[in-house]
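J.: Compact mmCIF, C-alpha atoms, file work.txt:
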```
# COMPACT_ATOMS: atom_id res chain seq x y z
CA MET A 1 -13.65 9.26 31.99
CA GLN A 2 -11.39 11.44 29.86
CA PHE A 3 -11.55 12.19 26.12
CA ILE A 4 -8.67 13.49 24.01
CA GLY A 5 -8.60 14.67 20.41
CA ILE A 6 -5.09 14.89 18.98
CA ASP A 7 -3.92 16.94 16.01
CA LEU A 8 -0.55 15.48 15.05
CA HIS A 9 2.03 17.59 13.21
CA THR A 10 5.61 17.09 12.08
CA ASN A 11 7.33 18.31 15.25
CA LYS A 12 4.44 19.01 17.64
CA PHE A 13 1.01 17.68 18.56
CA THR A 14 -1.95 19.51 20.03
CA CYS A 15 -4.35 17.82 22.44
CA CYS A 16 -7.87 18.88 23.41
CA TYR A 17 -9.07 17.41 26.73
CA ARG A 18 -12.66 16.94 27.87
CA ASP A 19 -14.19 14.89 30.67
CA GLU A 20 -17.44 12.97 30.93
CA ARG A 21 -19.45 15.33 33.13
CA SER A 22 -18.24 18.79 32.21
CA ALA A 23 -18.49 20.76 28.98
CA ASP A 24 -15.24 22.54 29.77
CA LYS A 25 -12.16 21.86 27.69
CA ARG A 26 -8.49 22.59 27.79
CA THR A 27 -5.89 22.52 25.06
CA GLU A 28 -2.20 21.75 25.34
CA THR A 29 0.58 21.53 22.77
CA PHE A 30 3.54 19.20 23.24
CA ASP A 31 6.81 18.84 21.35
CA LEU A 32 7.18 15.59 19.47
CA ASN A 33 10.29 14.54 21.37
CA GLU A 34 11.15 12.58 24.48
CA ALA A 35 10.32 15.40 26.91
CA GLY A 36 7.06 16.27 25.20
CA LEU A 37 5.94 12.64 25.06
CA ALA A 38 6.77 12.20 28.75
CA ALA A 39 4.68 15.27 29.63
CA PHE A 40 1.80 13.99 27.52
CA SER A 41 1.96 10.54 29.13
CA GLY A 42 1.54 12.20 32.52
CA THR A 43 -1.92 13.43 31.46
CA LEU A 44 -3.19 9.97 30.54
CA THR A 45 -5.33 7.69 32.69
CA ALA A 46 -6.60 4.14 32.37
CA ASP A 47 -10.08 5.36 31.36
CA THR A 48 -8.93 7.75 28.63
CA HIS A 49 -10.36 7.55 25.09
CA VAL A 50 -8.21 9.05 22.33
CA LEU A 51 -9.03 9.98 18.72
CA VAL A 52 -6.29 10.85 16.22
CA GLU A 53 -6.29 11.12 12.44
CA ALA A 54 -4.31 8.63 10.35
CA THR A 55 -1.14 10.25 8.96
CA ILE A 56 2.31 8.98 8.11
CA THR A 57 3.47 9.42 11.74
CA THR A 58 0.33 8.21 13.51
CA PHE A 59 1.09 4.50 13.83
CA SER A 60 4.50 4.96 15.47
CA PHE A 61 3.07 7.72 17.67
CA VAL A 62 0.13 5.64 18.91
CA ARG A 63 2.33 2.66 19.80
CA LEU A 64 4.08 4.83 22.40
CA PHE A 65 1.02 5.22 24.63
CA LYS A 66 -1.76 2.85 23.49
CA ASP A 67 -1.18 0.52 26.46
CA ARG A 68 -1.66 3.39 28.94
CA VAL A 69 -5.21 4.28 27.86
CA LYS A 70 -8.51 2.46 27.49
CA GLU A 71 -8.97 3.07 23.76
CA VAL A 72 -7.19 4.72 20.84
CA ILE A 73 -9.12 5.25 17.60
CA ILE A 74 -7.10 6.04 14.50
CA ALA A 75 -9.65 7.69 12.22
CA ASN A 76 -9.57 7.55 8.44
CA THR A 77 -8.65 10.99 7.08
CA TYR A 78 -11.17 10.70 4.24
CA GLU A 79 -14.01 10.19 6.70
CA LEU A 80 -12.92 13.20 8.74
CA LYS A 81 -12.42 15.47 5.75
CA GLN A 82 -14.94 18.03 6.92
CA ILE A 83 -13.40 18.10 10.38
CA SER A 84 -9.90 18.58 8.97
CA LEU A 85 -11.14 21.66 7.09
CA ALA A 86 -12.46 23.28 10.25
CA ARG A 87 -10.38 25.78 12.20
CA THR A 88 -10.82 24.06 15.55
CA ASN A 89 -9.80 20.62 14.32
CA THR A 90 -8.59 19.34 17.70
CA ASP A 91 -11.75 20.39 19.53
CA LYS A 92 -13.95 18.71 16.90
CA LEU A 93 -11.96 15.49 17.24
CA CYS A 94 -12.40 15.59 21.00
CA ARG A 95 -16.16 16.18 20.69
CA LEU A 96 -16.44 13.36 18.20
CA ILE A 97 -14.77 10.76 20.43
CA LYS A 98 -16.83 11.88 23.44
CA MET A 99 -20.09 11.66 21.49
CA GLN A 100 -19.17 8.25 20.11
CA VAL A 101 -18.30 6.72 23.47
CA LEU A 102 -21.25 8.16 25.41
CA SER A 103 -23.84 7.42 22.72
CA GLY A 104 -22.48 4.01 21.77
CA GLU A 105 -22.93 4.87 18.09
CA GLN A 106 -19.86 4.56 15.89
CA THR A 107 -19.25 7.77 13.94
CA ALA A 108 -15.54 7.37 13.24
CA CYS A 109 -14.56 4.05 11.69
CA PRO A 110 -11.16 3.04 13.12
CA VAL A 111 -8.12 2.28 11.00
CA THR A 112 -6.33 -0.95 11.92
CA LEU A 113 -3.00 -0.41 13.63
CA PRO A 114 -0.65 -2.63 11.61
CA PRO A 115 2.05 -4.72 13.31
CA VAL A 116 5.59 -3.37 13.03
CA GLU A 117 6.48 -6.07 10.46
CA ILE A 118 3.60 -4.98 8.21
CA GLN A 119 4.48 -1.30 8.58
CA GLU A 120 8.06 -2.04 7.53
CA LEU A 121 6.84 -4.00 4.51
CA ARG A 122 4.57 -1.15 3.46
CA SER A 123 7.47 1.27 3.78
CA LEU A 124 9.67 -0.91 1.56
CA PHE A 125 6.92 -1.23 -1.04
CA SER A 126 6.48 2.55 -1.11
CA THR A 127 10.16 3.04 -1.88
CA TYR A 128 10.03 0.24 -4.46
CA ARG A 129 7.14 1.88 -6.28
CA LEU A 130 8.94 5.24 -6.20
CA TYR A 131 12.01 3.71 -7.85
CA LYS A 132 9.89 1.99 -10.49
CA LYS A 133 8.07 5.25 -11.24
CA GLN A 134 11.32 7.20 -11.56
CA ASN A 135 12.84 4.59 -13.85
CA ALA A 136 9.74 4.53 -16.04
CA GLN A 137 9.78 8.32 -16.35
CA LEU A 138 13.48 8.29 -17.27
CA LYS A 139 13.04 5.62 -19.93
CA ASN A 140 9.95 7.22 -21.41
CA ARG A 141 11.64 10.61 -21.74
CA ILE A 142 14.68 9.21 -23.56
CA HIS A 143 12.38 7.21 -25.81
CA SER A 144 10.36 10.36 -26.61
CA LEU A 145 13.48 12.39 -27.44
CA LEU A 146 14.69 9.77 -29.89
CA LYS A 147 11.27 9.33 -31.49
CA GLU A 148 10.99 13.12 -31.91
CA GLN A 149 14.14 13.08 -34.06
CA LEU A 150 12.96 9.98 -35.98
CA TYR A 151 15.42 7.56 -34.38
CA GLY A 152 13.56 4.26 -34.33
CA PHE A 153 14.95 2.74 -31.15
CA THR A 154 12.71 0.57 -29.01
CA GLN A 155 12.85 0.90 -25.23
CA GLU A 156 14.64 -2.44 -25.04
CA GLU A 157 17.33 -1.18 -27.43
CA ILE A 158 17.74 2.11 -25.58
CA PHE A 159 18.77 0.37 -22.38
CA ASP A 160 20.76 -2.41 -23.98
CA LYS A 161 24.45 -2.00 -23.20
CA ARG A 162 25.33 -2.93 -26.77
CA SER A 163 23.54 0.13 -28.19
CA ARG A 164 24.35 2.56 -25.36
CA ALA A 165 27.48 4.01 -26.97
CA ARG A 166 25.70 4.53 -30.30
CA ILE A 167 22.83 6.38 -28.64
CA ARG A 168 25.20 8.60 -26.68
CA GLY A 169 26.94 9.56 -29.91
CA LEU A 170 23.82 10.64 -31.80
CA SER A 171 23.85 14.23 -33.19
CA PRO A 172 26.91 15.59 -31.32
CA GLY A 173 26.57 19.18 -30.15
CA THR A 174 22.77 19.22 -30.36
CA ALA A 175 20.09 19.56 -27.70
CA LEU A 176 19.18 15.91 -28.29
CA ASN A 177 22.71 14.72 -27.57
CA PHE A 178 22.95 16.86 -24.44
CA GLN A 179 19.61 15.65 -23.01
CA VAL A 180 20.17 11.98 -23.79
CA ASN A 181 23.56 11.99 -22.08
CA GLN A 182 22.18 13.88 -19.08
CA LEU A 183 19.37 11.38 -18.68
CA LEU A 184 21.58 8.35 -19.15
CA ASP A 185 24.13 9.60 -16.62
CA PRO A 186 22.55 12.49 -14.69
CA PRO A 187 24.68 14.62 -12.34
CA PRO A 188 24.90 15.10 -9.41
CA ARG A 189 23.73 11.57 -8.65
CA GLU A 190 26.15 10.13 -11.20
CA ARG A 191 24.00 7.08 -11.55
CA VAL A 192 23.21 5.25 -14.77
CA PRO A 193 19.93 3.39 -15.35
CA GLU A 194 21.53 0.00 -14.62
CA ARG A 195 22.30 1.21 -11.12
CA ASP A 196 18.66 2.26 -10.69
CA GLU A 197 17.51 -1.20 -11.76
CA ALA A 198 19.98 -2.70 -9.31
CA ASP A 199 18.46 -0.57 -6.55
CA VAL A 200 15.00 -1.82 -7.48
CA GLU A 201 16.17 -5.42 -7.31
CA ALA A 202 17.88 -4.79 -3.96
CA LEU A 203 14.62 -3.38 -2.57
CA LYS A 204 12.67 -6.30 -3.96
CA GLU A 205 15.05 -8.73 -2.31
CA GLN A 206 14.71 -6.91 1.01
CA VAL A 207 10.92 -7.20 0.75
CA LEU A 208 11.28 -10.95 0.27
CA VAL A 209 13.50 -11.18 3.34
CA GLN A 210 11.10 -9.11 5.46
CA GLY A 211 8.23 -11.37 4.41
CA GLU A 212 9.68 -14.44 6.13
CA PRO A 213 7.39 -14.23 9.23
CA PHE A 214 4.41 -14.75 6.90
CA MET A 215 5.63 -18.01 5.37
CA ARG A 216 2.29 -19.79 5.92
CA GLU A 217 0.27 -17.10 4.15
CA ILE A 218 2.84 -16.90 1.34
CA GLY A 219 2.57 -20.66 0.82
CA ILE A 220 -1.21 -20.40 0.49
CA LEU A 221 -1.21 -17.43 -1.87
CA THR A 222 1.51 -18.71 -4.20
CA SER A 223 -0.54 -21.86 -4.80
CA MET A 224 -2.61 -19.71 -7.19
CA LYS A 225 -1.11 -19.55 -10.66
CA GLY A 226 0.29 -16.09 -11.44
CA ILE A 227 0.91 -15.12 -7.80
CA SER A 228 4.62 -14.75 -7.13
CA VAL A 229 6.15 -14.57 -3.66
CA PHE A 230 6.61 -10.83 -4.13
CA THR A 231 2.93 -10.29 -5.03
CA ALA A 232 1.87 -12.54 -2.16
CA ILE A 233 3.79 -10.37 0.31
CA ALA A 234 2.16 -7.26 -1.18
CA ILE A 235 -1.27 -8.78 -0.59
CA ILE A 236 -0.34 -9.63 3.00
CA ALA A 237 0.97 -6.09 3.57
CA ASP A 238 -2.38 -4.66 2.48
CA VAL A 239 -4.73 -7.18 4.09
CA ILE A 240 -2.81 -7.91 7.34
CA GLU A 241 -5.51 -10.33 8.59
CA VAL A 242 -8.58 -11.44 6.61
CA SER A 243 -10.43 -11.88 9.89
CA ARG A 244 -10.80 -8.11 10.16
CA PHE A 245 -13.16 -8.10 7.16
CA LYS A 246 -16.79 -9.24 7.47
CA ASN A 247 -16.74 -10.95 4.08
CA SER A 248 -15.01 -10.96 0.71
CA LYS A 249 -16.97 -7.91 -0.45
CA HIS A 250 -15.55 -5.77 2.33
CA ASN A 251 -12.09 -7.14 1.52
CA THR A 252 -12.25 -6.35 -2.21
CA ARG A 253 -13.70 -2.91 -1.49
CA TYR A 254 -10.78 -2.15 0.83
CA LEU A 255 -8.37 -3.25 -1.91
CA ARG A 256 -9.95 -0.80 -4.39
CA SER A 257 -11.49 -3.45 -6.59
CA ALA A 258 -15.18 -2.91 -5.93
CA PRO A 259 -17.14 0.13 -7.18
CA LYS A 260 -19.38 2.29 -5.03
CA VAL A 261 -23.08 1.62 -5.58
CA SER A 262 -25.65 4.28 -4.67
CA ASN A 263 -29.38 3.60 -4.57
CA SER A 264 -32.05 6.29 -4.66
CA ASN A 265 -35.68 5.29 -5.05
CA THR A 266 -35.70 3.11 -8.19
CA SER A 267 -32.39 4.32 -9.63
CA THR A 268 -28.99 2.76 -9.06
CA SER A 269 -25.69 4.45 -9.90
CA ILE A 270 -22.31 2.77 -10.00
CA ARG A 271 -19.33 5.02 -9.25
CA GLY A 272 -15.59 4.61 -9.00
CA THR A 273 -13.73 2.31 -6.63
CA ASN A 274 -13.19 3.08 -2.97
CA LYS A 275 -10.34 5.56 -2.39
CA GLN A 276 -10.07 4.89 1.33
CA GLY A 277 -8.41 1.48 1.03
CA ARG A 278 -5.03 0.35 -0.22
CA LYS A 279 -4.07 -0.15 -3.86
CA LEU A 280 -0.67 -1.89 -3.78
CA ALA A 281 -2.03 -5.45 -4.03
CA ALA A 282 -4.52 -4.50 -6.74
CA THR A 283 -1.77 -2.83 -8.81
CA LEU A 284 0.60 -5.80 -8.68
CA LEU A 285 -2.19 -8.34 -9.11
CA THR A 286 -3.31 -6.65 -12.35
CA GLN A 287 0.03 -7.65 -13.89
CA SER A 288 -0.70 -11.31 -13.12
CA LEU A 289 -4.26 -11.57 -14.40
CA ASN A 290 -3.31 -13.23 -17.70
CA HIS A 291 -1.64 -16.08 -15.81
CA VAL A 292 -4.71 -16.42 -13.60
CA LEU A 293 -6.95 -16.62 -16.68
CA ASP A 294 -4.81 -19.42 -18.11
CA SER A 295 -5.37 -21.48 -14.97
CA SER A 296 -9.17 -21.65 -15.32
CA LEU A 297 -11.14 -22.41 -18.48
CA LYS A 298 -14.34 -21.33 -16.72
CA LEU A 299 -12.82 -17.96 -15.82
CA ARG A 300 -11.51 -17.48 -19.35
CA ARG A 301 -14.97 -18.09 -20.84
CA TRP A 302 -16.52 -15.65 -18.39
CA TYR A 303 -13.89 -13.02 -19.25
CA ASP A 304 -14.24 -13.44 -23.03
CA ARG A 305 -18.04 -13.29 -22.85
CA LEU A 306 -18.03 -10.00 -20.93
CA CYS A 307 -15.43 -8.47 -23.24
CA GLU A 308 -17.90 -8.77 -26.11
CA TYR A 309 -20.14 -6.02 -24.75
CA LYS A 310 -18.25 -4.28 -21.91
CA LYS A 311 -15.16 -2.09 -21.81
CA ALA A 312 -11.94 -4.05 -21.33
CA GLY A 313 -10.95 -1.98 -18.29
CA LEU A 314 -14.21 -2.72 -16.49
CA VAL A 315 -13.92 -6.43 -17.24
CA ARG A 316 -10.36 -6.55 -15.90
CA THR A 317 -11.51 -4.79 -12.74
CA GLY A 318 -14.25 -7.40 -12.39
CA LEU A 319 -11.70 -10.17 -12.95
CA ARG A 320 -9.42 -8.70 -10.31
CA ARG A 321 -12.35 -8.56 -7.91
CA ARG A 322 -13.10 -12.26 -8.49
CA VAL A 323 -9.46 -13.18 -7.94
CA LEU A 324 -9.30 -11.18 -4.71
CA ALA A 325 -12.49 -12.89 -3.53
CA GLU A 326 -10.82 -16.27 -4.12
CA ILE A 327 -7.74 -15.09 -2.26
CA TYR A 328 -9.92 -14.03 0.67
CA GLN A 329 -11.46 -17.50 0.88
CA MET A 330 -8.07 -19.19 0.58
CA LEU A 331 -6.65 -17.18 3.49
CA LYS A 332 -9.79 -17.52 5.59
CA LYS A 333 -9.94 -21.31 5.20
CA GLY A 334 -6.16 -21.82 5.10
CA GLU A 335 -6.45 -23.83 1.88
CA TYR A 336 -4.42 -23.98 -1.33
CA HIS A 337 -5.98 -22.86 -4.60
CA TYR A 338 -8.14 -25.49 -6.32
CA ALA A 339 -6.07 -25.24 -9.55
CA ARG A 340 -2.72 -25.55 -7.80
CA ASP A 341 0.15 -27.04 -9.77
CA ALA A 342 2.01 -28.88 -7.02
CA LYS A 343 5.38 -29.00 -8.81
CA LYS A 344 5.45 -25.32 -9.78
CA HIS A 345 4.18 -24.26 -6.39
CA GLU A 346 6.87 -26.28 -4.65
CA ALA A 347 9.49 -24.76 -6.95
CA LYS A 348 8.39 -21.25 -5.94
CA MET A 349 8.68 -22.02 -2.26
CA VAL A 350 12.00 -23.84 -2.62
CA ALA A 351 13.49 -20.86 -4.48
CA TYR A 352 12.17 -18.49 -1.81
CA LYS A 353 13.55 -20.54 1.07
CA LYS A 354 16.89 -20.76 -0.75
CA LEU A 355 16.99 -16.95 -0.99
CA LEU A 356 16.22 -16.59 2.71
CA LYS A 357 18.94 -19.07 3.60
CA SER A 358 21.54 -17.27 1.45
CA GLN A 359 20.62 -13.93 3.07
CA THR A 360 20.98 -15.46 6.54
CA LEU A 361 24.45 -16.72 5.66
CA LEU A 362 25.44 -13.30 4.31
CA GLN A 363 24.32 -11.60 7.51
CA LYS A 364 26.29 -14.05 9.63
CA SER A 365 29.44 -13.61 7.56
CA ALA A 366 29.08 -9.79 7.80
```
Taking this structure as input, can you express it in the form of structure tokens?
T.:
Amino acid sequence: MQFIGIDLHTNKFTCCYRDERSADKRTETFDLNEAGLAAFSGTLTADTHVLVEATITTFSFVRLFKDRVKEVIIANTYELKQISLARTNTDKLCRLIKMQVLSGEQTACPVTLPPVEIQELRSLFSTYRLYKKQNAQLKNRIHSLLKEQLYGFTQEEIFDKRSRARIRGLSPGTALNFQVNQLLDPPPRERVPERDEADVEALKEQVLVQGEPFMREIGILTSMKGISVFTAIAIIADVIEVSRFKNSKHNTRYLRSAPKVSNSNTSTSIRGTNKQGRKLAATLLTQSLNHVLDSSLKLRRWYDRLCEYKKAGLVRTGLRRRVLAEIYQMLKKGEYHYARDAKKHEAKMVAYKKLLKSQTLLQKSA
């Protein structure tokens, strides 16, 4: 039986090898290219156990050899924080996987290896969020510059084509005029905000296209009022499969919607949400909570009652947790939401299928 701890870098990866009976070790470094991967594959056997930290390159790397070994554990970086700070990181990883296998006690909780379709969706969502962040920063800065000089433009007016020329012409020859024009049409990109918004919409459309393999799950999720097809795909990208969670509590904790609770003797402390999970679904779902509240009188009463004596942010986090718990049950049972509006739900799915059909026709014509 062989054990390998891998420290993965941008262009190289270092492996520490140990076997079951001996305390000896050896370390080898391979280039992250075709020749290096071929040399590494030659060291693998059918009874090899591998431990590697989760990084941006780990998933694609592991897919190259996971079928040649007995087990590959992708460890959460947060859980291995102390190991990552040590000098001999690779050796510690190798010791950890050996101890875990021989003792039968799990010390490194594995990260789920997402399917290629899910990994592509996550990549698209990351770029989408980057574009949205950049656009928000651009708009906020222009708004601040105008407010500083007592120009009472709203954000909607700033990016309305009808007022664009007037804003560009404010205070010619001043620092305000120079900055506003630079931000509205910044070199060297030579892109105006409308083009940025177009890029965001193009990314959003690509996400919808990539979500087609998950049509069943999308149909279930969009039956809940306030959940668009786009948000449904985000939830799928984060969750992958609800079967990998023991219950709804584990699911909501992974989606950063459940606080940490620590007990010591008779005292209980509630801390922040889990930072080891994913936050995309929770972020997008927060924007839909008002629609969800409108769909349930019982939920609205619960929300209003808590708002009387708790902070609004805490109550919204609790509401999001309840919604995610419902979503977990819907996906687990394969059932539509109990408050489903059949006509509106059907309209969502018809519009989505129409988009997919138009994109298919465009690809064929190209």
J.: Please report the interatomic distance between CA of Pro115 in chain A and CA of Lys279 in chain A in Å with one decimal.
T.: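 About the pair CA of Pro115 in chain A and CA of Lys279 in chain A: they are 18.8 Å apart.
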J.: Pull the closest atom pair for each residue of range 67-178 of chain A that gets at most 9 Å from range 4-20 of chain A, along with the distance in Å to one decimal, counting all atoms listed in the file, ordering rows by chain and then ascending residue number, as a Markdown table.
T.:
```
| residue | atom | partner | partner_atom | distance |
| --- | --- | --- | --- | --- |
| A:Asn89 | CA | A:Asp7 | CA | 7.1 |
| A:Thr90 | CA | A:Gly5 | CA | 5.4 |
| A:Asp91 | CA | A:Cys16 | CA | 5.7 |
| A:Lys92 | CA | A:Gly5 | CA | 7.6 |
| A:Leu93 | CA | A:Gly5 | CA | 4.7 |
| A:Cys94 | CA | A:Gly5 | CA | 4.0 |
| A:Arg95 | CA | A:Gly5 | CA | 7.7 |
| A:Leu96 | CA | A:Gly5 | CA | 8.3 |
| A:Ile97 | CA | A:Gly5 | CA | 7.3 |
| A:Lys98 | CA | A:Glu20 | CA | 7.6 |
| A:Leu102 | CA | A:Glu20 | CA | 8.3 |
```
J.: One number please: CA of Thr77 in chain A to CA of Leu37 in chain A, in Å, one decimal.
T.: 23.2 Å
J.: Kindly indicate which residue among A:Val116, A:Tyr303, A:Asp160, A:Tyr254 lies nearest to Thr317 in chain A, using all atoms listed in the file for the distances.
T.: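 Using all atoms listed in the file, the shortest distance to Thr317 in chain A belongs to A:Tyr303.
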J.: Record the distance separating CA of Gly226 in chain A and CA of Ser296 in chain A, expressed in Å with one decimal.
T.: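 One can read the CA of Gly226 in chain A to CA of Ser296 in chain A distance as 11.6 Å.
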J.: As a ChimeraX atom specification, please: the residues near Asn76 in chain A (cut-off 10 Å, only C-alpha atoms, same-chain neighbours under 3 positions excluded).
T.: /A:52-55,73,79-81,108-112,276-277
J.: When you count only C-alpha atoms, which of these residues is closest to Gly334 in chain A: A:Arg216, A:Lys353, A:Lys311, A:His291?
T.: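 Nearest candidate to Gly334 in chain A out of A:Arg216, A:Lys353, A:Lys311, A:His291: A:Arg216.
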J.: Identify which of the residues A:Ser41, A:Thr127, A:Gln2, A:Thr283 lies closest to Lys70 in chain A, counting all atoms listed in the file when measuring atom-to-atom distances.
T.: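 The closest residue to Lys70 in chain A is A:Gln2.
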J.: Tell me which protein, DNA and RNA residues are within 10 Å of Leu319 in chain A, counting only C-alpha atoms, leaving out same-chain ones fewer than 4 positions away, and put them as a short mmCIF file (atom, residue, chain, number, x, y, z; two decimals) with C-alpha atoms, in the coordinates of the input.
T.:
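around05.cif, freshly written:
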```cif
data_model
loop_
_atom_site.label_atom_id
_atom_site.label_comp_id
_atom_site.auth_asym_id
_atom_site.auth_seq_id
_atom_site.Cartn_x
_atom_site.Cartn_y
_atom_site.Cartn_z
CA SER A 257 -11.49 -3.45 -6.59
CA THR A 286 -3.31 -6.65 -12.35
CA LEU A 289 -4.26 -11.57 -14.40
CA VAL A 292 -4.71 -16.42 -13.60
CA LEU A 293 -6.95 -16.62 -16.68
CA LEU A 299 -12.82 -17.96 -15.82
CA ARG A 300 -11.51 -17.48 -19.35
CA TRP A 302 -16.52 -15.65 -18.39
CA TYR A 303 -13.89 -13.02 -19.25
CA GLY A 313 -10.95 -1.98 -18.29
CA LEU A 314 -14.21 -2.72 -16.49
CA VAL A 315 -13.92 -6.43 -17.24
CA VAL A 323 -9.46 -13.18 -7.94
CA LEU A 324 -9.30 -11.18 -4.71
CA ALA A 325 -12.49 -12.89 -3.53
#
```
J.: Around the point (-15.8, -11.6, 5.1) in the file's coordinates, collect all residues with an atom within 12 Å, using all atoms listed in the file, and return them as number ranges by chain.
T.: A: 239, 241-254, 324-333
J.: Pick out the closest residue to Ser295 in chain A from this set: A:Thr57, A:Ser223, A:Asn135, A:Ser171. Count only C-alpha atoms.
T.: A:Ser223
J.: Between A:Phe30, A:Phe230, A:Phe65, A:Phe3, which is the closest to Gln100 in chain A once you count all atoms listed in the file?
T.: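 Distance minimum relative to Gln100 in chain A lands on A:Phe3.
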J.: Identify, on the basis of all atoms listed in the file, every residue whose closest approach to range 137-141 of chain A does not exceed 10 Å; exclude the query and any residue fewer than 2 positions from it along the same chain; express the result as a PyMOL selection string.
T.: chain A and resi 131-135+143-147+155-156+158-159+179-180+183-184+193
J.: From the options A:His49, A:Lys161, A:Lys204, A:Arg256, which residue's atoms come nearest to Ile74 in chain A, counting all atoms listed in the file?
T.: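 The closest residue to Ile74 in chain A is A:His49.
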J.: Find the residues with any atom within 12 Å of (20.5, -14.3, 5.9); use only C-alpha atoms and the coordinates as given in the file, and write the answer as a ChimeraX atom specification.
T.: /A:205-206,208-210,212,353-366
